[in-house]
Each structure stands twice: as C-alpha cells, then as structure tokens.
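*Asks:* Following this message is one structure expressed as structure tokens.
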Protein chains: 2
Amino acid sequence: MVSSPPVTQALSPSEVIVSDVVGRLIEFWGFKRNLGRIWGVLYLSPEALSAEDLRHVLKLSSGAVSMSVNELLRWGIVRRVWVQGERRDYYVAEVQLWKMISRVFSEREKTEIDAAIEAFEEALQALDRQKAQLKRGPEHTRTLERIDLQKQRIGQLLDLAKLGKKLLDALLSTAKVDAEPLVRFLLGRSQSHSSVR
Amino acid sequence: MVSSPPVTQALSPSEVIVSDVVGRLIEFWGFKRNLGRIWGVLYLSPEALSAEDLRHVLKLSSGAVSMSVNELLRWGIVRRVWVQGERRDYYVAEVQLWKMISRVFSEREKTEIDAAIEAFEEALQALDRQKAQLKRGPEHTRTLERIDLQKQRIGQLLDLAKLGKKLLDALLSTAKVDAEPLVRFLLGRSQSHSSVR
DNA sequence: CATATTCTTCAAAAGATTTTGAAACATTCG
DNA sequence: CGAATGTTTCAAAATCTTTTGAAGAATATG
C-alpha cells in the first residue's frame with residue numbers, strides 16, 4: 001500500500017497566527033516554542049493529524065515531531081487516537097484548556113515552589129545553628145544583627161512563597177471541581193464567546 | 001587614596017542557599033540566573049555593596065556585573081545608593097517584595113497577555129473575512145464547518161486570555177493599595193513570619 | 001519470514017544566549 | 001590638566017538549547 005498523502009495543505013492565516021501566538025506564549029511559560037505551535041495546529045484542526053502532517057505543516061524534522069509530540073503526550077496536552085485502518089498514529093489536542101493548565105501548573109510550578117519553600121526553611125535553620133554557635137562567645141553584636149536581619153528577610157521570602165503556593169492551590173482546586181466559581185468572581189459578567197472549561 | 005577593599009568575605013551557607021534559590025526561581029520566571037543571584041546577595045546584605053563586591057562574591061566578570069546591575073535597576077529591583085565620601089557606586093536590593101513583583105508583572109506578563117489578546121482577535125477577524133468571501137459561492141459546507149469550529153476554539157483562547165488579564169489586574173491593583181485584601185481572601189489565616197508587604 | 005512503513009533515538013550541527021575581558025569612556029582628585 | 005579609579009560597551013568565546021537526519025527498533029503486511 002502506498003503511504004497516504006498528508007491530510008493537510010498549508011495553514012490559513014488564522015491558523016498561522018494562532019499557532020505562532022501560542023508558540024510564543026508557551027515559550028514565555030518556559031516550554032519549547034514548537035510544543036506550542038504543534039498544539040496550536042492540532043487545536044484548530046477538525047481532524048486528527050499524523051506526525052507527517054505536522055512535519056509538513058510546520059516544517060519540522062521527523063525527529064523533532066516525534067520528540068515534541070511525546071513531550072506533549074507526557075504533559076497530557078495532546079492525545080493519541082486511532083484512525084480506522086490506518087497504520088500511523090494520529091494526534092488531537094486536549095481542548096479543555098482549564099484542565100490542561102491546571103495539569104501543567106500542578107506539576108511544574110508546584111514543584112518549583114515547594115523546592116523554594118524547603119530551601120528557605122533550610123536557610124533559616126542554618127542561621128539558627130549559626131546563632132547558637134555564636135552565643136557561647138560574646139562580643140558579636142555585629143554578626144548577631146546580621147543574622148537577625150537575614151532571618152527576617154528570609155522569613156519574608158518564605159511567606160511570599162507560601163502565599164504563592166496557596167494561590168496556586170486555590171486555582172488548582174477551583175479547576176478540579178469546576179472552572180466557573182473563581183472565573184465568575186473575577187470576571188463579573190463580560191460577553192464570552194463560549195464558556196472556558 | 002587606595003581603593004577600599006571589598007566589604008565582603010565569602011557567602012555564609014544561608015546566603016549561598018538563598019541566592020541560588022532566588023537565582024533558580026527567577027530563571028524559571030524567564031530572567032537570567034545571575035540577576036536573581038545578585039538580587040539575593042544584596043537582599044541579605046546589611047550594607048550596600050559595590051560592583052566589585054558583587055564581582056568577588058559571585059565570581060562574575062566586571063562586564064557581567066555592570067550589565068546585570070543595570071538590568072536590575074531598569075526593573076526597579078535594585079537601587080543605587082551613595083555612600084558618604086566613596087567614589088564608587090553602591091547598590092541595595094528593593095526589599096518590598098510585593099512592590100517588586102507587581103512592577104515586573106505589570107511590565108512583562110501584561111505586555112505578553114495583551115499581545116496575545118490582540119492576536120486572537122485578529123485571528124477571529126481573519127476568519128470572519130474568510131467566511132464572508134465564502135458565502136458568495138455555495139457548496140462549502142466542509143469549509144464552513146471548519147471555520148466555525150475554529151472561531152469557537154479561538155474564542156475560548158480569547159476568553160482564557162481575558163481571564164488571565166483580569167486575574168493579573170486584580171493582583172496588581174491589590175498590590176498598589178495594600179497587599180492584604182486578596183491575600184486574605186485566598187489565604188484564610190496562616191501563621192506568618194512577618195507580613196508580606 | 002521478508003518487506004514496507006512508521007516511530008524513536010541520539011550524536012552532531014545549528015542556533016541562541018550568556019559571559020568574558022580588554023578597550024573606550026567618564027568622573028573625581030590633586 | 002593628567003593620573004587614578006570606576007563604569008560601560010561590545011566583539012569574541014564559552015556555554016546551553018534546540019533541531020536535524022540518518023541509523024536502528026518496532027510493528028504491521030503480504
């Protein structure tokens with residue numbers, strides 16, 4: 001059997017815009033640009049697309065497509081689908097934006113923030129140890145002051161990190177149940193094109 | 001006059017931890033790591049430090065210090081101070097964390113999000129034009145369906161972006177007046193080391 | 001089982017970003 | 001002014017990231 005021709009021609013203007021913007025946005029959020037571009041193309045496609053389609057449409061190498069798609073799969077941002085009697089794999093974008101975002105947030109940002117919190121706590125402990133050592137000998141006013149200032153400042157960082165964590169948790173648990181509450185709370189009513197789910 | 005010796009010895013364990021963590025965090029947020037490290041060292045220092053101090057403490061070249069410090073100044077995250085009778089410039093960290101963050105957010109994330117919103121709106125318009133063109137000739141059910149799907153999906157992206165913008169605005173206006181309200185709303189009460197301002 | 005097709009891997013190439021350090025510039029002091 | 005000290009700039013070097021493409025693994029087909 002001859003390999004089936006790519007489903008896709010070229011991108012329409014809107015498709016180019018969207019995939020590029022999503023590419024940039026996602027790059028801003030610390031992912032590779034092509035992950036965003038691929039997701040964008042899939043998101044706007046009525047049909048599932050094959051790796052080869054993506055390769056043509058976005059002018060990427062086979063390796064790049066394979067690796068990118070797998071990364072997207074790992075993040076649960078794209079799904080693999082089977083197409084009746086086709087040999088190759090096809091892919092579709094996860095379209096539930098909110099679900100997508102919360103998944104990424106809970107893996108990435110949460111990890112990062114937890115690490116920071118731990119580190120700050122460790123730093124505070126280190127300072128306490130230093131302080132304890134110092135007590136035995138006198139005449140260290142200077143150093144003592146320094147230590148106290150640092151404890152205070154690191155304390156602030158710690159508080160901030162905890163605040164971030166709480167905020168994130170609030171967002172995430174919101175996401176789990178249903179997007180609406182917080183959304184509604186923040187938006188007031190604005191004309192929406194369709195509810196964000 | 002002989003150049004005054006660097007104020008600083010080596011970093012204490014806590015200082016290393018903090019400057020490294022802040023370095024990583026800030027890198028995660030899309031800045032250069034050294035910006036975070038410099039800020040971290042300044043933040044924990046009771047005295048203002050000179051460029052040379054930073055150079056020694058963090059093992060950076062003079063050029064790197066100069067450029068980094070200037071970038072931090074541009075972001076309003078570090079301030080230059082004059083020290084009585086000293087020739088060189090000295091620097092201190094902005095210690096009002098919340099102020100700092102909101103400044104960065106309102107310049108960076110806001111720009112990015114506004115650009116995305118514009119782009120999505122443009123994409124929607126492009127689709128409308130396409131649709132209008134199509135109307136004149138019949139027999140385009142397929143294409144029409146495609147366009148409508150895309151309008152719907154881009155609409156969701158747009159809504160999401162707008163939601164993000166609102167959230168950001170809420171955070172920022174919160175920041176301007178006083179950190180507490182939204183913070184309190186989200187946090188319930190938690191034990192704090194010192195209020196985050 | 002031999003072949004055809006698709007997917008994955010990975011070393012090397014390309015590309016992007018960051019850092020260095022020496023030269024140019026600026027400022028202060030005597 | 002001229003020397004001394006400090007700062008900025010910027011091309012080149014070093015480093016880090018991403019992409020490529022060919023080789024190999026995996027899987028389906030006849």
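Each chain in the structure tokens gets a letter, A, B, ..., in the order shown, and its residues are numbered from 1; ligands are numbered from 1 in order too.
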Extract, using only C-alpha atoms (C1' of nucleotides), all DNA, RNA and protein residues at most 6 Å from Gly36 of chain B, discarding same-chain residues fewer than 5 positions from it, and format them as a list in words.

*Replies:* Val22, Gly23 and Ile26 of chain B

*Asks:* For the residues in that selection, give me N, CA and C atoms as a tab-separated table (two decimals), in the first residue's frame.

*Replies:*
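And here's again18.tsv as it stands now:
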```tsv
chain	number	residue	atom	x	y	z
B	22	VAL	N	16.92	31.87	44.74
B	22	VAL	CA	16.33	33.00	44.05
B	22	VAL	C	16.80	33.01	42.60
B	23	GLY	N	18.04	32.64	42.40
B	23	GLY	CA	18.55	32.55	41.04
B	23	GLY	C	17.73	31.57	40.21
B	26	ILE	N	14.07	32.81	39.67
B	26	ILE	CA	13.98	33.91	38.75
B	26	ILE	C	14.27	33.45	37.32
```

*Asks:* Residues of chain A within 12 Å of chain C, counting only C-alpha atoms (C1' of nucleotides) - could you list those as a list in words?

*Replies:*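 Close enough to count are Met1, Val2, Ser3, Ser4, Ser50, Ala51, Glu52, Ser62, Gly63, Ala64, Val65, Ser66, Met67, Ser68, Val69, Asn70, Glu86, Arg87, Arg88, Asp89 and Tyr90 of chain A.
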
*Asks:* Would you write out those residues with C-alpha atoms, as a short mmCIF file (atom, residue, chain, number, x, y, z; two decimals), in the first residue's frame?

*Replies:*
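Produced file part_2.cif, reproduced below:
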```
data_model
loop_
_atom_site.label_atom_id
_atom_site.label_comp_id
_atom_site.auth_asym_id
_atom_site.auth_seq_id
_atom_site.Cartn_x
_atom_site.Cartn_y
_atom_site.Cartn_z
CA MET A 1 0.00 0.00 0.00
CA VAL A 2 1.23 3.46 -0.81
CA SER A 3 1.58 5.80 2.12
CA SER A 4 -1.43 8.06 2.36
CA SER A 50 -0.47 12.42 11.82
CA ALA A 51 3.14 13.07 12.64
CA GLU A 52 3.78 13.53 8.96
CA SER A 62 10.69 13.80 11.83
CA GLY A 63 12.76 13.60 14.97
CA ALA A 64 11.54 16.93 16.21
CA VAL A 65 7.93 15.95 15.68
CA SER A 66 8.38 12.66 17.44
CA MET A 67 10.06 14.20 20.43
CA SER A 68 7.73 17.14 20.69
CA VAL A 69 4.61 15.07 20.39
CA ASN A 70 5.84 12.74 23.07
CA GLU A 86 -4.59 3.47 9.33
CA ARG A 87 -1.16 2.37 10.23
CA ARG A 88 0.26 5.55 11.55
CA ASP A 89 -0.65 7.29 14.76
CA TYR A 90 -2.82 10.35 14.84
#
```

*Asks:* Within 8 Å of chain B, which residues of chain D are there when counting only C-alpha atoms (C1' of nucleotides)? Please give them as a PDB file with N, CA and C atoms (P, O5', C5', C4', C3', O3' and C1' of nucleotides), in the first residue's frame.

*Replies:*
```
ATOM      1  P    DT D   5      44.379  54.440  42.099  1.00  0.00           P
ATOM      2  O5'  DT D   5      42.810  54.370  41.818  1.00  0.00           O
ATOM      3  C5'  DT D   5      41.948  55.340  42.433  1.00  0.00           C
ATOM      4  C4'  DT D   5      40.595  55.222  41.804  1.00  0.00           C
ATOM      5  C3'  DT D   5      40.062  53.789  41.742  1.00  0.00           C
ATOM      6  O3'  DT D   5      38.870  53.751  42.496  1.00  0.00           O
ATOM      7  C1'  DT D   5      39.722  54.942  39.699  1.00  0.00           C
ATOM      8  P    DG D   6      38.088  52.430  42.701  1.00  0.00           P
ATOM      9  O5'  DG D   6      36.929  52.602  41.640  1.00  0.00           O
ATOM     10  C5'  DG D   6      36.001  53.697  41.791  1.00  0.00           C
ATOM     11  C4'  DG D   6      35.115  53.737  40.585  1.00  0.00           C
ATOM     12  C3'  DG D   6      34.373  52.430  40.301  1.00  0.00           C
ATOM     13  O3'  DG D   6      32.986  52.715  40.227  1.00  0.00           O
ATOM     14  C1'  DG D   6      35.426  53.248  38.348  1.00  0.00           C
ATOM     15  P    DT D   7      31.944  51.608  39.915  1.00  0.00           P
ATOM     16  O5'  DT D   7      31.661  51.890  38.390  1.00  0.00           O
ATOM     17  C5'  DT D   7      31.185  53.191  37.997  1.00  0.00           C
ATOM     18  C4'  DT D   7      30.854  53.156  36.524  1.00  0.00           C
ATOM     19  C3'  DT D   7      29.935  52.014  36.111  1.00  0.00           C
ATOM     20  O3'  DT D   7      28.840  52.600  35.419  1.00  0.00           O
ATOM     21  C1'  DT D   7      31.847  52.109  34.707  1.00  0.00           C
ATOM     22  P    DT D   8      27.691  51.729  34.813  1.00  0.00           P
ATOM     23  O5'  DT D   8      28.191  51.587  33.313  1.00  0.00           O
ATOM     24  C5'  DT D   8      28.125  52.741  32.473  1.00  0.00           C
ATOM     25  C4'  DT D   8      28.620  52.376  31.098  1.00  0.00           C
ATOM     26  C3'  DT D   8      27.760  51.346  30.356  1.00  0.00           C
ATOM     27  O3'  DT D   8      27.400  51.965  29.130  1.00  0.00           O
ATOM     28  C1'  DT D   8      30.064  50.750  30.264  1.00  0.00           C
TER      29       DT D   8
END
```

*Asks:* Let me make sure I understand: among B:Arg108, B:Arg153, B:Arg33, B:His56, which one has the smallest atom-to-atom distance to chain A if we use only C-alpha atoms?

*Replies:*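 Among B:Arg108, B:Arg153, B:Arg33, B:His56, it is B:Arg153 that comes nearest to chain A.
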
*Asks:* Pick out each residue of chain A that DSSP on the backbone tags as alpha helix (DSSP H); I need them as number ranges by chain.

*Replies:* A: 13-28, 33-43, 51-58, 62-74, 97-136, 141-177, 180-187

*Asks:* Please build the interface table for chain A against chain B with a cut-off of 8 Å, listing for each qualifying residue the nearest atom pair and the distance in Å to one decimal; count only C-alpha atoms, order rows by chain and increasing number, and write it as a tab-separated table.

*Replies:*
```
residue	atom	partner	partner_atom	distance
A:Pro13	CA	B:Ala126	CA	7.0
A:Ser14	CA	B:Ala123	CA	4.6
A:Glu15	CA	B:Ala123	CA	7.7
A:Ile17	CA	B:Ala123	CA	6.3
A:Val18	CA	B:Phe120	CA	6.7
A:Val21	CA	B:Ala116	CA	6.3
A:Leu25	CA	B:Glu112	CA	7.4
A:Phe28	CA	B:Gly30	CA	7.2
A:Trp29	CA	B:Trp29	CA	7.7
A:Gly30	CA	B:Phe28	CA	7.2
A:Tyr43	CA	B:Arg153	CA	7.6
A:Leu44	CA	B:Gln150	CA	5.5
A:Ser45	CA	B:Gln150	CA	7.8
A:Pro46	CA	B:Arg146	CA	6.4
A:Leu97	CA	B:Leu157	CA	7.9
A:Glu112	CA	B:Leu25	CA	7.4
A:Ala116	CA	B:Val21	CA	6.3
A:Ala119	CA	B:Ile17	CA	6.8
A:Phe120	CA	B:Val18	CA	6.7
A:Glu122	CA	B:Ser14	CA	7.9
A:Ala123	CA	B:Ser14	CA	4.6
A:Leu124	CA	B:Ser14	CA	7.2
A:Ala126	CA	B:Ser14	CA	6.1
A:Leu127	CA	B:Ser14	CA	6.5
A:Arg146	CA	B:Pro46	CA	6.4
A:Leu149	CA	B:Pro46	CA	7.3
A:Gln150	CA	B:Leu44	CA	5.5
A:Gln152	CA	B:Ser194	CA	7.5
A:Arg153	CA	B:Leu44	CA	7.0
A:Ile154	CA	B:Val18	CA	7.8
A:Gly155	CA	B:His193	CA	5.4
A:Gln156	CA	B:Val196	CA	5.9
A:Leu157	CA	B:Leu97	CA	7.9
A:Asp159	CA	B:Ser192	CA	6.3
A:Leu160	CA	B:Val196	CA	6.4
A:Leu163	CA	B:Leu187	CA	7.3
A:Lys166	CA	B:Leu187	CA	6.4
A:Leu167	CA	B:Leu186	CA	6.5
A:Ala170	CA	B:Leu186	CA	7.0
A:Val183	CA	B:Leu163	CA	7.1
A:Leu186	CA	B:Lys166	CA	6.6
A:Leu187	CA	B:Lys166	CA	6.8
A:Ser192	CA	B:Asp159	CA	6.4
A:His193	CA	B:Gly155	CA	5.2
A:Ser194	CA	B:Gln156	CA	6.2
A:Ser195	CA	B:Gln156	CA	7.1
A:Val196	CA	B:Gln156	CA	5.8
```

*Asks:* If you run DSSP over the backbone, which residues in segment 63-123 of chain B end up strand (DSSP E)? Put them as a list in words.

*Replies:*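 Result set for segment 63-123 of chain B (strand (DSSP E)): Val78, Arg79, Arg80, Val81, Tyr90, Tyr91, Val92 and Ala93 of chain B.
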
*Asks:* Could the residues in this selection be written to a file with C-alpha atoms, as a JSON list (two decimals), in the first residue's frame?

*Replies:*
```json
[["chain", "number", "residue", "atom", "x", "y", "z"],
["B", 78, "VAL", "CA", 17.75, 47.22, 42.91],
["B", 79, "ARG", "CA", 18.62, 50.78, 43.79],
["B", 80, "ARG", "CA", 21.83, 52.74, 43.58],
["B", 81, "VAL", "CA", 22.88, 54.49, 46.76],
["B", 90, "TYR", "CA", 26.81, 51.05, 45.81],
["B", 91, "TYR", "CA", 23.69, 49.02, 45.44],
["B", 92, "VAL", "CA", 20.88, 47.80, 47.63],
["B", 93, "ALA", "CA", 18.03, 45.45, 46.91]]
```

*Asks:* Rounded to one decimal in Å, what is the spacing between atom C1' of DT27 of chain D and atom CA of Asn34 of chain A?

*Replies:*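 Distance reported for this atom pair: 27.6 Å.
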
*Asks:* May I ask for the distance between atom CA of Ser19 of chain B and atom CA of Gln133 of chain A, given in Å to one decimal place?

*Replies:* 23.1 Å

*Asks:* So how far away is atom CA of Glu94 of chain A from atom CA of Leu54 of chain A, in Å?

*Replies:* 16.1 Å
